[in-house]
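Below is one structure; the comments refer to it alone.
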Amino acid sequence: MEHAAKPHATFESGARAMMERIDGKAGELHVEAFRANAADPLHAAFPAKAIVHSGPSGMPLAGEAAEAALEALADRPRSGKTLAYIHVPFCETRCLYCMFYQNPLTEEAAHRYADALVRDLELWSGRAAQESAPIHAVYFGGGTPTALSSADLKRSIEAVRRHLPLANDCEITIEGRIHNFTDEKMEAALEAGANRFSLGAQTFSTDVRRSMMRVDDRETMIRRLEKLAGYDEAAVVIDLIYGFPGQSMDVWLDDLRTASSLPLDGVDCYQLNVFERSPLARRIAAGKLPPAADTAMKADMFAASVEFFTRANWRRLSNNHWGRTHRERNIYNELGKSACDCLAFGSGAGGRLFGASFMLERGLAEWSARVEAGRKPVQFLTKPGPWWTLLRSLTSAMESGAVNLHALGSAFGVDLEPIARPVVDQWIEAGLLVRRGEWLLQTVAGQYWHVTLAQLLMRWVSAQIVNESPKAHVHPAVNGASVMHPQKMQAAEARP
């Protein structure tokens with residue numbers, strides 16, 4: 001089944017096309033639908049990206065049922081690696097492409113929020129889910145954590161250190177933007193114990209930045225990044241995005257060169273997703289902005305970033321992430337894709353406990369009221385399905401660019417290699433994967449498509465080890481095992 005990647009105006013339209021292709025008629029699963037285009041694997045392996053973040057599905061709960069389910073987990077001791085996510089749901093402005101925007105920033109609202117955030121951190125004090133084992137990475141995300149005042153930023157970090165059992169080498173990341181990240185705020189965060197900053201540079205092109213409603217120009221970005229790195233007390237990492245309207249390959253290459261010229265510890269390179277409900281999609285549809293880069297152009301930009309940082313001798317930490325110094329450990333991002341637990345605090349924060357993924361109340365007033373009443377303000381929770389640990393471990397390995405199906409399957413008592421073979425062998429033939437001993441390594445094309453590969457492989461594997469449908473079509477190479485149809489995947493972006 002050869003196919004060419006067709007242009008899709010939004011991420012969701014492409015994801016729907018992928019689901020229609022995989023589901024087929026009457027929810028029947030056919031191995032042919034998982035085939036990649038061998039004629040042009042980098043630019044057109046699949047019609048579109050299948051999902052934002054890969055991961056297994058489960059049983060959704062909301063309201064009181066979600067609250068009761070999370071409450072039941074609160075006294076269960078944790079073990080193994082653990083993360084904590086702290087959400088700050090304010091932004092001074094809304095960037096056109098962003099889907100994380102929740103509330104406009106006012107100084108009074110942000111100050112009240114910091115008060116409530118401290119109370120949220122106190123809610124589970126003494127309970128096993130919070131206290132029983134070390135936490136290895138904390139991530140302040142948003143929104144814009146650096147929009148908080150220096151005093152509120154400092155006391156929020158100090159509250160985390162006071163109420164959570166942090167490992168002595170815990171990575172504490174403050175996400176933010178350069179705009180209004182003053183010297184005073186930088187120094188307050190460092191004094192409170194932050195040891196990593198992840199800043200959304202996105203692009204150094206002043207023209208592209210202004211078109212996306214980013215505030216600061218190229219020179220301001222460079223000066224402020226140099227200032228932050230100059231303290232020499234924490235890892236400084238930036239995000240770059242490729243595929244913006246008006247961002248040519250020359251502009252992208254200049255972004256890479258500029259990042260490499262700065263005293264940074266790491267760089268993330270992400271592709272732009274144009275979401276249906278974003279202001280960017282509306283402006284493009286109205287003809288106020290040119291279209292974003294198509295799949296083929298974004299694939300070439302990704303490949304250019306791989307070549308650039310490889311030649312510059314940066315360390316590859318994941319398919320999208322590069323480190324230049326050993327100060328950059330990337331702990332939160334790496335573990336966040338795995339099966340480990342993640343505590344969550346703040347309005348709109350996402351977490352995971354014992355396989356149950358949950359999100360805290362996004363409505364600021366409701367979140368605050370429930371915290372004040374002493375209740376963990378969960379909005380919805382998804383109970384894990386069968387084999388969730390195996391499936392999440394599989395998608396996490398694919399994020400790294402390499403997977404050992406034999407070792408992974410052995411750890412869970414499942415012979416994964418023959419189960420995956422009908423899909424994996426075709427992806428090898430198509431130029432997305434190569435075998436090296438027991439390892440499957442992604443080519444540059446496979447790295448570009450890794451989220452889709454991870455989701456499809458997880459779906460294929462789960463369909464054969466979870467009995468969900470008697471209608472599935474079996475491939476003769478699977479030794480007669482039933483191929484079942486799992487639940488539909490969601491294409492919504494959520495943290496962690």
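Please note that chains go A, B, ... in the order of the structure tokens, that every chain numbers its residues from 1, and that ligands are numbered from 1 in the order shown.
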Taking only stretch 90-153 of chain A into account, list the residues labelled strand (DSSP E or B) by DSSP (computed from the backbone), as an mmCIF file with C-alpha atoms, in the first residue's frame.
```cif
data_model
loop_
_atom_site.group_PDB
_atom_site.id
_atom_site.type_symbol
_atom_site.label_atom_id
_atom_site.label_comp_id
_atom_site.auth_asym_id
_atom_site.auth_seq_id
_atom_site.Cartn_x
_atom_site.Cartn_y
_atom_site.Cartn_z
ATOM 1 C CA PHE A 90 -0.882 32.621 33.112
ATOM 2 C CA CYS A 91 0.545 34.330 30.026
ATOM 3 C CA ASN A 103 -5.602 32.819 31.717
ATOM 4 C CA PRO A 104 -4.413 36.371 31.062
ATOM 5 C CA ILE A 135 11.323 12.730 43.378
ATOM 6 C CA HIS A 136 13.972 12.949 40.688
ATOM 7 C CA ALA A 137 12.804 15.833 38.495
ATOM 8 C CA VAL A 138 10.424 18.770 38.978
ATOM 9 C CA TYR A 139 9.102 20.800 36.055
ATOM 10 C CA PHE A 140 7.449 24.215 36.370
ATOM 11 C CA GLY A 141 5.449 24.496 33.140
ATOM 12 C CA GLY A 142 2.654 26.575 31.760
#
```
Residues of stretch 215-440 of chain A classed as alpha helix (DSSP H) by DSSP on the backbone are to be reported as a count of residues only.
100
Please provide the set of residues having any atom within 8 Å of stretch 404-419 of chain A, restricted to only C-alpha atoms, with same-chain residues fewer than 5 positions apart removed, written as a PyMOL selection string.
chain A and resi 390+393-394+438-440+461+464+477-478
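Shell of A:Val251 at 9 Å, with only C-alpha atoms counted and residues fewer than 4 places along the chain excluded, is Thr203, Phe204, Ser205, Gly246, Gln247, Asp255 and Leu256 of chain A.
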Please identify all polymer residues within 8 Å of stretch 229-239 of chain A, counting only C-alpha atoms, omitting same-chain residues fewer than 4 positions from it, and present them as a PyMOL selection string.
chain A and resi 190+194-202+225+263-270+327-328
May I have the selected residues written with C-alpha atoms, as a compact mmCIF listing (two decimals), in the first residue's frame?
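As a result, out16.txt now contains:
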```txt
# COMPACT_ATOMS: atom_id res chain seq x y z
CA LEU A 190 18.52 30.40 41.21
CA ALA A 194 16.23 26.02 40.25
CA ASN A 195 19.02 24.25 38.35
CA ARG A 196 17.60 24.13 34.83
CA PHE A 197 15.82 26.67 32.61
CA SER A 198 13.88 25.69 29.49
CA LEU A 199 13.03 28.78 27.45
CA GLY A 200 10.77 28.96 24.42
CA ALA A 201 12.94 30.80 21.94
CA GLN A 202 11.13 29.06 19.03
CA LEU A 225 20.09 34.11 27.00
CA PRO A 263 26.48 29.32 25.60
CA LEU A 264 23.55 26.89 25.81
CA ASP A 265 23.53 23.46 27.41
CA GLY A 266 20.81 21.98 25.23
CA VAL A 267 18.36 22.53 22.37
CA ASP A 268 14.98 20.94 21.56
CA CYS A 269 13.84 20.95 17.92
CA TYR A 270 10.07 20.52 17.52
CA ARG A 327 25.04 19.85 32.78
CA GLU A 328 22.01 19.10 30.60
```
